[in-house]
$ cat input-v7.cif   # mmCIF, C-alpha atoms
data_target
#
loop_
_atom_site.label_atom_id
_atom_site.label_comp_id
_atom_site.auth_asym_id
_atom_site.auth_seq_id
_atom_site.Cartn_x
_atom_site.Cartn_y
_atom_site.Cartn_z
CA MET A 168 -0.64 13.30 18.23
CA SER A 169 -1.85 13.65 14.69
CA GLU A 170 -5.19 15.27 14.07
CA LEU A 171 -7.68 14.55 11.36
CA LYS A 172 -6.91 17.14 8.75
CA SER A 173 -6.09 17.03 5.08
CA ILE A 174 -2.78 18.40 3.85
CA LYS A 175 -1.62 20.39 0.83
CA THR A 176 2.13 19.76 0.70
CA LEU A 177 4.59 17.15 1.86
CA LYS A 178 5.89 19.39 4.63
CA ASP A 179 2.60 19.00 6.52
CA ILE A 180 2.94 15.24 6.95
CA PRO A 181 3.39 14.45 10.67
CA ARG A 182 6.85 13.25 11.68
CA LYS A 183 5.82 10.70 14.27
CA GLU A 184 6.42 7.09 13.24
CA GLN A 185 4.38 4.23 14.67
CA PHE A 186 5.79 1.50 12.46
CA ALA A 187 9.34 0.67 13.54
CA PRO A 188 12.18 -0.01 11.09
CA GLY A 189 14.01 -3.32 11.12
CA HIS A 190 11.15 -5.52 9.93
CA ARG A 191 11.45 -8.32 7.37
CA LEU A 192 9.72 -6.76 4.34
CA CYS A 193 11.86 -6.78 1.21
CA ALA A 194 14.01 -3.83 0.22
CA GLY A 195 11.99 -1.61 -2.11
CA CYS A 196 8.61 -2.98 -0.99
CA GLY A 197 5.69 -0.55 -1.22
CA ILE A 198 3.75 -1.85 1.78
CA PRO A 199 5.61 -0.13 4.69
CA GLN A 200 4.98 3.23 3.07
CA LEU A 201 1.25 2.61 3.18
CA VAL A 202 1.48 1.52 6.81
CA ARG A 203 3.56 4.53 7.83
CA PHE A 204 1.17 6.94 6.14
CA THR A 205 -1.95 5.26 7.49
CA LEU A 206 -0.66 5.34 11.06
CA LYS A 207 0.29 9.01 10.62
CA ALA A 208 -3.07 9.99 9.12
CA VAL A 209 -5.44 8.20 11.49
CA PRO A 210 -5.41 9.69 15.00
CA ASP A 211 -5.09 7.60 18.16
CA PRO A 212 -6.71 5.48 19.49
CA LYS A 213 -6.64 2.92 16.68
CA ILE A 214 -6.56 -0.84 16.30
CA VAL A 215 -5.05 -2.66 13.35
CA VAL A 216 -6.46 -5.95 12.12
CA ASN A 217 -4.08 -7.81 9.85
CA ALA A 218 -4.97 -10.72 7.63
CA THR A 219 -2.27 -13.27 6.88
CA SER A 220 -0.08 -11.64 4.30
CA CYS A 221 3.41 -10.41 3.54
CA LEU A 222 2.90 -7.61 6.03
CA GLU A 223 1.86 -9.95 8.83
CA VAL A 224 4.68 -12.48 8.49
CA ALA A 225 7.30 -9.78 8.01
CA SER A 226 6.42 -7.35 10.77
CA THR A 227 5.65 -9.58 13.75
CA ILE A 228 8.33 -12.11 14.51
CA PHE A 229 7.77 -13.38 18.04
CA PRO A 230 8.77 -12.11 20.62
CA TYR A 231 8.96 -8.74 18.88
CA THR A 232 6.67 -6.67 16.70
CA ALA A 233 7.22 -3.61 14.54
CA TRP A 234 3.82 -2.12 15.50
CA LYS A 235 3.64 0.45 18.26
CA ILE A 236 -0.16 0.24 18.44
CA PRO A 237 -2.66 -2.54 19.27
CA TRP A 238 -2.57 -5.13 16.52
CA ILE A 239 -4.37 -8.40 15.92
CA HIS A 240 -3.60 -11.13 13.46
CA ASN A 241 -6.14 -13.47 11.97
CA ALA A 242 -6.55 -15.90 9.12
CA PHE A 243 -6.73 -15.00 5.45
CA GLU A 244 -10.48 -15.18 5.17
CA ASN A 245 -11.85 -13.39 8.21
CA SER A 246 -10.10 -10.05 8.63
CA ALA A 247 -13.30 -8.12 7.91
CA ALA A 248 -15.25 -10.40 10.28
CA THR A 249 -12.74 -9.77 13.09
CA ALA A 250 -12.94 -6.03 12.49
CA SER A 251 -16.75 -6.28 12.69
CA GLY A 252 -16.49 -8.07 16.02
CA ILE A 253 -14.11 -5.50 17.49
CA GLU A 254 -16.30 -2.68 16.29
CA ALA A 255 -19.44 -4.24 17.76
CA ALA A 256 -17.68 -4.86 21.09
CA PHE A 257 -16.55 -1.25 21.32
CA ARG A 258 -20.01 -0.03 20.37
CA ALA A 259 -21.36 -1.92 23.36
CA LEU A 260 -18.58 -0.66 25.64
CA GLU A 261 -19.21 2.89 24.51
CA LYS A 262 -22.87 2.57 25.43
CA LYS A 263 -22.28 0.87 28.78
CA LYS A 264 -19.05 2.35 30.10
CA GLY A 265 -18.41 5.37 27.90
CA ILE A 266 -15.15 4.11 26.49
CA LYS A 267 -14.14 6.01 23.37
CA LYS A 268 -14.35 3.85 20.29
CA PRO A 269 -11.02 3.52 18.45
CA LYS A 270 -10.69 3.62 14.68
CA ILE A 271 -10.37 0.12 13.27
CA ILE A 272 -8.08 -0.37 10.29
CA VAL A 273 -7.82 -3.60 8.34
CA PHE A 274 -4.77 -4.38 6.24
CA ALA A 275 -5.12 -7.28 3.86
CA GLY A 276 -3.32 -8.32 0.73
CA ASP A 277 -4.93 -8.88 -2.61
CA GLY A 278 -5.20 -12.62 -2.01
CA GLY A 279 -6.91 -11.97 1.34
CA THR A 280 -9.30 -9.51 -0.27
CA PHE A 281 -10.03 -10.47 -3.86
CA ASP A 282 -10.13 -14.24 -3.41
CA ILE A 283 -10.24 -15.58 0.12
CA GLY A 284 -11.59 -12.68 2.19
CA MET A 285 -14.24 -11.48 -0.23
CA GLN A 286 -17.14 -13.15 1.56
CA ALA A 287 -16.26 -11.71 4.98
CA LEU A 288 -15.66 -8.28 3.45
CA SER A 289 -19.00 -8.38 1.67
CA GLY A 290 -20.76 -9.29 4.91
CA ALA A 291 -19.04 -6.54 6.90
CA LEU A 292 -19.84 -3.93 4.26
CA GLU A 293 -23.45 -5.02 4.18
CA ARG A 294 -23.77 -4.79 8.00
CA GLY A 295 -22.26 -1.31 7.86
CA HIS A 296 -19.59 -1.59 10.57
CA ASP A 297 -17.44 1.47 11.13
CA PHE A 298 -13.99 0.50 9.86
CA ILE A 299 -11.42 1.23 7.17
CA TYR A 300 -10.54 -1.67 4.91
CA ILE A 301 -7.25 -1.22 3.07
CA CYS A 302 -6.29 -3.74 0.43
CA TYR A 303 -2.69 -3.53 -0.62
CA ASP A 304 -2.49 -5.01 -4.05
CA ASN A 305 0.76 -6.56 -5.22
CA GLU A 306 -1.14 -8.48 -7.87
CA ALA A 307 -0.33 -12.09 -6.81
CA TYR A 308 0.24 -14.26 -3.72
CA MET A 309 3.74 -12.92 -3.16
CA ASN A 310 4.17 -14.31 0.34
CA THR A 311 3.77 -17.94 -0.71
CA GLY A 312 5.77 -17.72 -3.91
CA ILE A 313 4.07 -15.58 -6.56
CA GLN A 314 0.94 -17.55 -7.39
CA ARG A 315 -1.79 -16.07 -9.56
CA SER A 316 -4.64 -14.30 -7.72
CA GLY A 317 -7.88 -12.60 -8.72
CA ALA A 318 -5.96 -9.33 -8.78
CA THR A 319 -3.26 -10.43 -11.20
CA PRO A 320 -3.61 -8.32 -14.34
CA LYS A 321 -4.08 -9.75 -17.79
CA GLY A 322 -0.83 -10.88 -19.41
CA ALA A 323 1.24 -11.12 -16.21
CA ALA A 324 3.41 -14.19 -15.71
CA THR A 325 3.28 -15.84 -12.28
CA THR A 326 4.45 -19.26 -11.12
CA THR A 327 0.97 -20.71 -11.66
CA SER A 328 0.31 -18.80 -14.89
CA PRO A 329 3.72 -18.88 -16.58
CA ALA A 330 4.36 -17.30 -19.93
CA GLY A 331 4.73 -20.17 -22.35
CA ARG A 332 4.45 -20.56 -26.10
CA VAL A 333 0.77 -21.48 -26.07
CA ILE A 334 -0.57 -19.38 -23.17
CA PRO A 335 1.33 -16.15 -22.56
CA GLY A 336 0.66 -15.43 -18.88
CA LYS A 337 -2.69 -14.91 -17.21
CA GLN A 338 -5.57 -14.59 -19.67
CA GLU A 339 -8.29 -13.21 -17.41
CA ARG A 340 -8.95 -9.64 -16.34
CA LYS A 341 -8.47 -8.24 -12.88
CA LYS A 342 -11.50 -7.88 -10.62
CA ASP A 343 -12.88 -4.40 -10.05
CA LEU A 344 -12.66 -4.24 -6.25
CA ILE A 345 -13.86 -0.65 -5.94
CA GLY A 346 -16.84 -1.49 -8.16
CA ILE A 347 -17.74 -4.45 -5.96
CA ALA A 348 -17.38 -2.36 -2.79
CA ILE A 349 -19.52 0.48 -4.14
CA ALA A 350 -22.24 -1.98 -5.11
CA HIS A 351 -22.77 -2.59 -1.36
CA GLY A 352 -23.90 1.01 -0.99
CA ILE A 353 -20.92 2.23 1.05
CA ARG A 354 -20.18 5.93 1.32
CA TYR A 355 -16.51 6.12 0.38
CA ALA A 356 -14.06 4.12 -1.70
CA ALA A 357 -10.83 5.15 -3.40
CA THR A 358 -7.67 3.95 -5.10
CA MET A 359 -4.20 5.00 -3.89
CA ASN A 360 -0.64 4.89 -5.16
CA PRO A 361 2.69 5.31 -3.29
CA ALA A 362 4.03 7.72 -5.91
CA TYR A 363 1.29 10.24 -4.97
CA PRO A 364 1.69 10.53 -1.17
CA VAL A 365 -0.30 13.71 -0.60
CA ASP A 366 -3.26 12.26 -2.46
CA MET A 367 -2.86 9.04 -0.46
CA TYR A 368 -2.67 10.85 2.89
CA ASN A 369 -5.76 12.92 2.17
CA LYS A 370 -7.75 9.87 1.14
CA ILE A 371 -6.88 8.08 4.38
CA VAL A 372 -7.85 11.18 6.38
CA LYS A 373 -11.17 11.36 4.55
CA ALA A 374 -11.73 7.64 5.09
CA ALA A 375 -11.13 8.05 8.84
CA SER A 376 -13.60 10.93 9.07
CA ILE A 377 -16.44 8.93 7.53
CA LYS A 378 -18.72 6.86 9.73
CA GLY A 379 -19.29 3.44 8.25
CA PRO A 380 -17.29 1.05 6.14
CA VAL A 381 -14.69 2.40 3.73
CA VAL A 382 -12.65 0.47 1.17
CA LEU A 383 -9.29 1.72 -0.05
CA HIS A 384 -7.33 -0.02 -2.78
CA TYR A 385 -3.57 0.54 -2.75
CA PHE A 386 -1.09 -0.26 -5.50
CA THR A 387 2.09 -1.93 -4.15
CA PRO A 388 5.08 -2.42 -6.39
CA CYS A 389 6.72 -5.77 -5.54
CA PRO A 390 10.37 -6.05 -6.65
CA THR A 391 10.50 -9.74 -5.74
CA GLY A 392 7.42 -10.86 -7.60
CA TRP A 393 7.44 -8.46 -10.53
CA TYR A 394 11.20 -8.81 -11.10
CA PHE A 395 12.52 -5.27 -11.22
CA ASP A 396 15.26 -3.38 -9.42
CA PRO A 397 14.14 -2.29 -5.90
CA SER A 398 15.30 1.28 -6.48
CA LEU A 399 12.73 1.65 -9.29
CA SER A 400 9.79 0.95 -7.00
CA ILE A 401 8.40 4.48 -7.03
CA GLU A 402 9.05 4.84 -10.77
CA VAL A 403 7.01 1.74 -11.50
CA ALA A 404 4.19 3.01 -9.30
CA ARG A 405 4.20 6.40 -10.99
CA LEU A 406 4.22 4.87 -14.47
CA ALA A 407 1.17 2.79 -13.56
CA VAL A 408 -0.76 6.03 -13.02
CA GLN A 409 0.71 7.88 -15.98
CA THR A 410 -0.12 5.10 -18.41
CA ARG A 411 -3.76 5.07 -17.15
CA LEU A 412 -3.31 1.48 -15.96
CA TRP A 413 -4.02 2.49 -12.34
CA PRO A 414 -6.41 5.45 -12.37
CA LEU A 415 -6.47 7.40 -9.12
CA TYR A 416 -10.10 8.12 -8.34
CA GLU A 417 -12.48 8.26 -5.43
CA TYR A 418 -16.16 7.66 -4.89
CA GLU A 419 -18.00 9.66 -2.31
CA ASP A 420 -21.75 9.64 -1.70
CA GLY A 421 -22.65 8.71 -5.25
CA LYS A 422 -20.13 10.96 -6.96
CA TYR A 423 -16.98 9.82 -8.75
CA LYS A 424 -13.96 12.06 -8.95
CA ILE A 425 -10.73 11.50 -10.84
CA ASN A 426 -7.93 12.84 -8.62
CA ILE A 427 -5.02 12.66 -11.04
CA MET A 428 -6.15 13.58 -14.53
CA VAL A 429 -3.88 11.91 -17.09
CA ARG A 430 -4.40 13.92 -20.27
CA ARG A 431 -1.49 12.58 -22.29
CA PRO A 432 -0.85 8.99 -21.19
CA LYS A 433 2.59 7.44 -21.62
CA PRO A 434 2.78 4.27 -23.73
CA ILE A 435 2.03 1.17 -21.66
CA GLU A 436 5.24 -0.42 -23.02
CA ASP A 437 7.22 1.95 -20.74
CA TYR A 438 5.59 0.28 -17.74
CA PHE A 439 5.90 -3.25 -19.10
CA LYS A 440 9.54 -3.12 -20.08
CA LEU A 441 10.66 -2.40 -16.50
CA GLN A 442 9.23 -5.68 -15.22
CA ARG A 443 10.21 -9.19 -16.20
CA ARG A 444 6.73 -10.58 -15.52
CA PHE A 445 5.58 -8.65 -18.62
CA ALA A 446 8.70 -9.22 -20.75
CA HIS A 447 6.95 -11.72 -23.01
CA LEU A 448 4.31 -9.15 -23.98
CA LEU A 449 6.88 -7.11 -25.89
CA ARG A 450 7.72 -10.02 -28.20
CA PRO A 451 6.16 -9.73 -31.70
CA GLU A 452 4.16 -12.98 -31.43
CA ASN A 453 2.26 -11.67 -28.41
CA LYS A 454 1.20 -8.37 -29.98
CA TRP A 455 -2.44 -9.46 -29.99
CA LEU A 456 -2.39 -9.68 -26.20
CA LEU A 457 -0.71 -6.28 -25.84
CA ASP A 458 -3.37 -4.73 -28.10
CA ASP A 459 -6.04 -6.46 -26.03
CA ILE A 460 -4.62 -4.97 -22.80
CA LYS A 461 -4.42 -1.51 -24.37
CA LYS A 462 -8.07 -1.78 -25.36
CA ASP A 463 -9.03 -2.78 -21.78
CA ILE A 464 -7.13 0.18 -20.30
CA GLU A 465 -8.76 2.58 -22.76
CA GLU A 466 -12.23 1.22 -22.02
CA ASN A 467 -11.72 1.42 -18.27
CA TRP A 468 -10.53 5.02 -18.51
CA LYS A 469 -13.54 5.98 -20.65
CA ARG A 470 -15.86 4.29 -18.17
CA LEU A 471 -14.36 6.33 -15.32
CA LEU A 472 -14.65 9.56 -17.29
CA ARG A 473 -18.28 8.76 -17.96
CA LEU A 474 -18.90 8.03 -14.27
CA ALA A 475 -17.13 11.23 -13.25
CA GLY A 476 -19.28 13.18 -15.71
CA ILE A 477 -16.36 14.34 -17.86
CA GLU A 478 -16.68 14.35 -21.63
CA ALA A 479 -13.97 12.24 -23.24
CA MET B 222 -20.70 -7.78 43.37
CA GLY B 223 -16.98 -7.32 43.79
CA GLU B 224 -14.68 -7.50 40.84
CA ILE B 225 -12.08 -10.25 40.87
CA MET B 226 -8.62 -9.45 39.61
CA VAL B 227 -7.14 -12.21 37.49
CA ARG B 228 -3.52 -12.04 36.52
CA VAL B 229 -2.87 -13.76 33.21
CA TYR B 230 0.57 -14.69 32.02
CA ALA B 231 0.53 -14.76 28.25
CA PRO B 232 3.30 -14.43 25.69
CA ILE B 233 3.11 -10.92 24.33
CA ALA B 234 5.24 -9.57 21.52
CA ARG B 235 6.98 -6.32 22.41
CA PRO B 236 7.04 -3.42 19.97
CA THR B 237 10.59 -2.62 19.06
CA ILE B 238 12.69 -1.36 16.24
CA GLY B 239 14.68 -4.10 14.63
CA SER B 240 12.13 -6.87 15.21
CA VAL B 241 14.28 -9.20 13.11
CA GLY B 242 17.60 -7.75 14.11
CA LYS B 243 19.75 -5.28 12.25
CA THR B 244 18.43 -5.42 8.72
CA GLY B 245 21.35 -3.23 7.62
CA ILE B 246 23.34 -6.40 7.00
CA TRP B 247 21.13 -7.13 3.98
CA ARG B 248 22.63 -4.20 2.16
CA SER B 249 25.04 -4.45 -0.76
CA VAL B 250 24.99 -0.77 -1.71
CA LYS B 251 24.77 2.05 0.78
CA PRO B 252 23.19 5.50 0.35
CA VAL B 253 25.44 8.41 1.23
CA VAL B 254 24.02 11.94 1.50
CA ASN B 255 26.02 14.83 0.09
CA TYR B 256 24.93 17.64 2.44
CA ASP B 257 26.36 20.36 0.18
CA LYS B 258 23.84 19.41 -2.49
CA CYS B 259 20.90 18.58 -0.18
CA ILE B 260 18.05 21.13 -0.34
CA ASN B 261 16.06 19.68 2.61
CA CYS B 262 13.01 18.70 0.57
CA TYR B 263 12.60 15.51 2.69
CA LEU B 264 11.42 13.48 -0.30
CA CYS B 265 13.79 10.67 0.74
CA TRP B 266 12.34 10.69 4.26
CA MET B 267 8.87 10.36 2.86
CA TYR B 268 9.50 7.68 0.25
CA CYS B 269 11.82 5.55 2.42
CA PRO B 270 9.88 2.29 2.78
CA GLU B 271 11.86 1.31 5.82
CA GLY B 272 11.23 4.53 7.75
CA CYS B 273 14.89 4.59 8.71
CA ILE B 274 15.59 8.15 7.53
CA ASP B 275 15.15 10.57 10.43
CA ILE B 276 15.02 14.35 10.38
CA ILE B 277 17.39 15.67 13.04
CA ASP B 278 17.99 19.43 13.22
CA ASP B 279 16.18 19.88 9.87
CA MET B 280 18.65 17.54 8.18
CA VAL B 281 18.06 14.02 6.97
CA ARG B 282 20.03 11.29 8.72
CA ILE B 283 20.10 7.70 7.49
CA ASP B 284 20.06 4.98 10.12
CA TYR B 285 22.54 2.47 8.66
CA ASP B 286 21.62 -0.16 11.24
CA TYR B 287 18.30 -0.73 9.48
CA CYS B 288 18.74 0.65 5.94
CA LYS B 289 18.30 -2.26 3.50
CA GLY B 290 19.93 -0.37 0.66
CA CYS B 291 16.99 -0.47 -1.77
CA GLY B 292 18.07 2.80 -3.41
CA ILE B 293 14.64 4.47 -3.57
CA CYS B 294 15.97 7.57 -1.78
CA SER B 295 18.73 7.99 -4.33
CA ASN B 296 16.21 7.63 -7.13
CA VAL B 297 13.62 10.12 -5.85
CA CYS B 298 16.14 12.81 -4.86
CA PRO B 299 15.48 15.82 -7.16
CA VAL B 300 19.06 17.16 -6.91
CA LYS B 301 20.79 13.75 -6.92
CA ALA B 302 22.40 14.39 -3.55
CA ILE B 303 22.23 10.74 -2.47
CA GLU B 304 24.78 8.43 -4.01
CA MET B 305 24.74 4.66 -3.77
CA VAL B 306 28.17 3.42 -2.72
CA ARG B 307 29.19 -0.25 -2.78
CA GLU B 308 29.64 -1.70 0.70
CA GLU B 309 33.17 -2.67 1.64
#
$ encode --input "input-v7.cif" --output "structure tokens"
Amino acid sequence: MSELKSIKTLKDIPRKEQFAPGHRLCAGCGIPQLVRFTLKAVPDPKIVVNATSCLEVASTIFPYTAWKIPWIHNAFENSAATASGIEAAFRALEKKKGIKKPKIIVFAGDGGTFDIGMQALSGALERGHDFIYICYDNEAYMNTGIQRSGATPKGAATTTSPAGRVIPGKQERKKDLIGIAIAHGIRYAATMNPAYPVDMYNKIVKAASIKGPVVLHYFTPCPTGWYFDPSLSIEVARLAVQTRLWPLYEYEDGKYKINIMVRRPKPIEDYFKLQRRFAHLLRPENKWLLDDIKKDIEENWKRLLRLAGIEA
Amino acid sequence: MGEIMVRVYAPIARPTIGSVGKTGIWRSVKPVVNYDKCINCYLCWMYCPEGCIDIIDDMVRIDYDYCKGCGICSNVCPVKAIEMVREE
């Protein structure tokens, strides 16, 4: 059984797997890595609440399931509400019968968090239930056919925001989920990336050790929806961090900390040219949008440095 | 007050590997480990999204029944010991 302790190298990651292979997630998907690491990092007993998402439809095909732990499925909008209910029930059982309260983990996609589940999440954070909320962000509704979501970044082409001559992809910015979560006065929130597994593991361990709601935001490369070769999944994830597009930072008790300091960022074009959803941005007529995105990334990085108390 | 036992018959999904069958049939290219080159860093085990790389006797073993052939292991290998071979 895994214990709650942070690790320094990859060799310390527990070997036990609680997410079985042979599920229906695409080759090269980033989600199963998050699930494997989460189930390794959080000690038993634990309960997983899963909103409708890629993960849910792919891992539990009746009469079988890929999960070796208690798991509950619910609709898009109420994963945080279900987790609140489970937590409250176990709080009562703990008081009455002395049953040990399990850790409750919620997995929801970006559609189920940014758009549809936001209200339930906000309520659960406000009530202060003890659970870990993990949003895996593949930046569109991939399960239903790549529709635009609140998490789709500026400039990305999806089936409902296609790149045409007049409007090149989505024109709006992505929501700041961590910012919204912190505004509720929670104690811990962090961003994670599959290319930095030790950092990811330690953040999950820290999240499990904190009493109260925790929000983790995970970057998932999606070969199907972003149109790149599945073998480049980790490369794409790493480039997102190295171009400062996806800063890895955490917030704990009022303090921000940047975990991976990117001193010399790579050009954002390196990240864009791997994916077909951004192919139109590299054409000369869309240079204004590319410059706009670069400005946004720069501003966001400066904001984080300011929050972390580091002079730019 | 005595407790009453109620037996409920409900459809319950069983945890199993291969919940949708052998996903190895999805594969068009297959990773093959060259054990002479392998330095046992276990990066492939860790990055494998499928979780189908096991460590047996300190050596990585790929479970071809479930490997979907994404090629991530070949890409993250620091000594390029994993080669992607076209399936026959």
$ closest_residue --input "input-v7.cif" --among "A:Ile266, A:Ala233, A:Glu244, A:Gly379" --to "A:Asp297" --atoms "all atoms listed in the file"
A:Gly379
$ atom_distance --input "input-v7.cif" --atom1 "atom CA of A:Val215" --atom2 "atom CA of A:Ser173"
21.4 Å
$ closest_atom_pairs --input "input-v7.cif" --of "stretch 196-297 of chain A" --to "stretch 229-253 of chain B" --cutoff "7 Å" --atoms "all atoms listed in the file" --output "CSV"
residue,atom,partner,partner_atom,distance
A:Ile228,CA,B:Ser240,CA,6.5
A:Phe229,CA,B:Ala234,CA,5.7
A:Pro230,CA,B:Ala234,CA,4.4
A:Tyr231,CA,B:Ala234,CA,4.6
A:Thr232,CA,B:Pro236,CA,4.6
A:Ala233,CA,B:Pro236,CA,5.4
A:Trp234,CA,B:Pro236,CA,5.7
A:Lys235,CA,B:Pro236,CA,5.4
$ atom_distance --input "input-v7.cif" --atom1 "atom CA of A:Pro380" --atom2 "atom CA of A:Ser251"
9.8 Å
$ closest_atom_pairs --input "input-v7.cif" --of "chain A" --to "chain B" --cutoff "10 Å" --atoms "all atoms listed in the file" --output "CSV"
residue,atom,partner,partner_atom,distance
A:Leu177,CA,B:Leu264,CA,8.0
A:Lys178,CA,B:Tyr263,CA,8.0
A:Ile180,CA,B:Met267,CA,8.7
A:Arg182,CA,B:Ile276,CA,8.3
A:Glu184,CA,B:Gly272,CA,7.7
A:Gln185,CA,B:Pro236,CA,9.7
A:Phe186,CA,B:Gly272,CA,7.8
A:Ala187,CA,B:Ile238,CA,4.8
A:Pro188,CA,B:Ile238,CA,5.3
A:Gly189,CA,B:Gly239,CA,3.7
A:His190,CA,B:Ser240,CA,5.5
A:Arg191,CA,B:Val241,CA,6.5
A:Leu192,CA,B:Glu271,CA,8.5
A:Cys193,CA,B:Lys289,CA,8.2
A:Ala194,CA,B:Cys291,CA,4.9
A:Gly195,CA,B:Cys291,CA,5.1
A:Cys196,CA,B:Pro270,CA,6.6
A:Gly197,CA,B:Pro270,CA,6.5
A:Ile198,CA,B:Pro270,CA,7.5
A:Pro199,CA,B:Pro270,CA,5.3
A:Gln200,CA,B:Pro270,CA,5.0
A:Leu201,CA,B:Pro270,CA,8.6
A:Val202,CA,B:Pro270,CA,9.3
A:Arg203,CA,B:Gly272,CA,7.7
A:Phe204,CA,B:Met267,CA,9.0
A:Ala225,CA,B:Val241,CA,8.7
A:Ser226,CA,B:Ser240,CA,7.2
A:Thr227,CA,B:Ser240,CA,7.2
A:Ile228,CA,B:Ser240,CA,6.5
A:Phe229,CA,B:Ala234,CA,5.7
A:Pro230,CA,B:Ala234,CA,4.4
A:Tyr231,CA,B:Ala234,CA,4.6
A:Thr232,CA,B:Pro236,CA,4.6
A:Ala233,CA,B:Pro236,CA,5.4
A:Trp234,CA,B:Pro236,CA,5.7
A:Lys235,CA,B:Pro236,CA,5.4
A:Ile236,CA,B:Pro236,CA,8.2
A:Pro237,CA,B:Pro236,CA,9.8
A:Pro361,CA,B:Tyr268,CA,8.0
A:Ala362,CA,B:Tyr268,CA,8.2
A:Pro364,CA,B:Met267,CA,8.2
A:Pro390,CA,B:Cys291,CA,9.9
A:Asp396,CA,B:Cys291,CA,8.4
A:Pro397,CA,B:Cys291,CA,5.3
A:Ser398,CA,B:Ile293,CA,4.4
A:Leu399,CA,B:Ile293,CA,6.7
A:Ser400,CA,B:Ile293,CA,6.9
A:Ile401,CA,B:Ile293,CA,7.1
A:Glu402,CA,B:Asn296,CA,8.5
$ atom_distance --input "input-v7.cif" --atom1 "atom CA of B:Val254" --atom2 "atom CA of B:Pro299"
12.8 Å
$ closest_residue --input "input-v7.cif" --among "A:Lys440, A:Arg411, A:Arg332, A:Lys267" --to "A:Ile427" --atoms "all atoms listed in the file"
A:Arg411
$ residues_near_point --input "input-v7.cif" --point "(9.8, -15.4, 3.2)" --cutoff "8 Å" --atoms "all atoms listed in the file" --output "tab-separated table (two decimals) with C-alpha atoms, in the coordinates of the input"
chain	number	residue	atom	x	y	z
A	224	VAL	CA	4.68	-12.48	8.49
A	225	ALA	CA	7.30	-9.78	8.01
A	310	ASN	CA	4.17	-14.31	0.34
A	311	THR	CA	3.77	-17.94	-0.71
$ resolve_selection --input "input-v7.cif" --expression "the PyMOL selection byres ((chain A and resi 417) around 9)" --output "PyMOL selection string"
chain A and resi 355-358+370+415-416+418-419+422-426
$ write_last_selection --input "input-v7.cif" --atoms "C-alpha atoms" --output "mmCIF file, keeping the file's coordinate frame"
data_model
loop_
_atom_site.group_PDB
_atom_site.id
_atom_site.type_symbol
_atom_site.label_atom_id
_atom_site.label_comp_id
_atom_site.auth_asym_id
_atom_site.auth_seq_id
_atom_site.Cartn_x
_atom_site.Cartn_y
_atom_site.Cartn_z
ATOM 1 C CA TYR A 355 -16.510 6.120 0.380
ATOM 2 C CA ALA A 356 -14.060 4.120 -1.700
ATOM 3 C CA ALA A 357 -10.830 5.150 -3.400
ATOM 4 C CA THR A 358 -7.670 3.950 -5.100
ATOM 5 C CA LYS A 370 -7.750 9.870 1.140
ATOM 6 C CA LEU A 415 -6.470 7.400 -9.120
ATOM 7 C CA TYR A 416 -10.100 8.120 -8.340
ATOM 8 C CA TYR A 418 -16.160 7.660 -4.890
ATOM 9 C CA GLU A 419 -18.000 9.660 -2.310
ATOM 10 C CA LYS A 422 -20.130 10.960 -6.960
ATOM 11 C CA TYR A 423 -16.980 9.820 -8.750
ATOM 12 C CA LYS A 424 -13.960 12.060 -8.950
ATOM 13 C CA ILE A 425 -10.730 11.500 -10.840
ATOM 14 C CA ASN A 426 -7.930 12.840 -8.620
#
$ resolve_selection --input "input-v7.cif" --expression "the PyMOL selection byres ((chain A and resi 334-337) around 7)" --output "mmCIF file with C-alpha atoms, in the frame of the given file"
data_model
loop_
_atom_site.group_PDB
_atom_site.id
_atom_site.type_symbol
_atom_site.label_atom_id
_atom_site.label_comp_id
_atom_site.auth_asym_id
_atom_site.auth_seq_id
_atom_site.Cartn_x
_atom_site.Cartn_y
_atom_site.Cartn_z
ATOM 1 C CA LYS A 321 -4.080 -9.750 -17.790
ATOM 2 C CA GLY A 322 -0.830 -10.880 -19.410
ATOM 3 C CA ALA A 323 1.240 -11.120 -16.210
ATOM 4 C CA ALA A 324 3.410 -14.190 -15.710
ATOM 5 C CA SER A 328 0.310 -18.800 -14.890
ATOM 6 C CA PRO A 329 3.720 -18.880 -16.580
ATOM 7 C CA ALA A 330 4.360 -17.300 -19.930
ATOM 8 C CA GLY A 331 4.730 -20.170 -22.350
ATOM 9 C CA ARG A 332 4.450 -20.560 -26.100
ATOM 10 C CA VAL A 333 0.770 -21.480 -26.070
ATOM 11 C CA GLN A 338 -5.570 -14.590 -19.670
ATOM 12 C CA GLU A 339 -8.290 -13.210 -17.410
#
$ residues_around --input "input-v7.cif" --residues "A:Pro210" --least-positions-apart "4" --cutoff "12 Å" --atoms "all atoms listed in the file" --output "compact mmCIF listing (two decimals) with C-alpha atoms, in the frame of the given file"
# COMPACT_ATOMS: atom_id res chain seq x y z
CA MET A 168 -0.64 13.30 18.23
CA SER A 169 -1.85 13.65 14.69
CA GLU A 170 -5.19 15.27 14.07
CA LEU A 171 -7.68 14.55 11.36
CA LYS A 172 -6.91 17.14 8.75
CA PRO A 181 3.39 14.45 10.67
CA LYS A 183 5.82 10.70 14.27
CA GLN A 185 4.38 4.23 14.67
CA PHE A 204 1.17 6.94 6.14
CA THR A 205 -1.95 5.26 7.49
CA LEU A 206 -0.66 5.34 11.06
CA ILE A 214 -6.56 -0.84 16.30
CA ILE A 236 -0.16 0.24 18.44
CA LYS A 268 -14.35 3.85 20.29
CA PRO A 269 -11.02 3.52 18.45
CA LYS A 270 -10.69 3.62 14.68
CA ILE A 271 -10.37 0.12 13.27
CA ILE A 272 -8.08 -0.37 10.29
CA ILE A 371 -6.88 8.08 4.38
CA VAL A 372 -7.85 11.18 6.38
CA ALA A 374 -11.73 7.64 5.09
CA ALA A 375 -11.13 8.05 8.84
CA SER A 376 -13.60 10.93 9.07
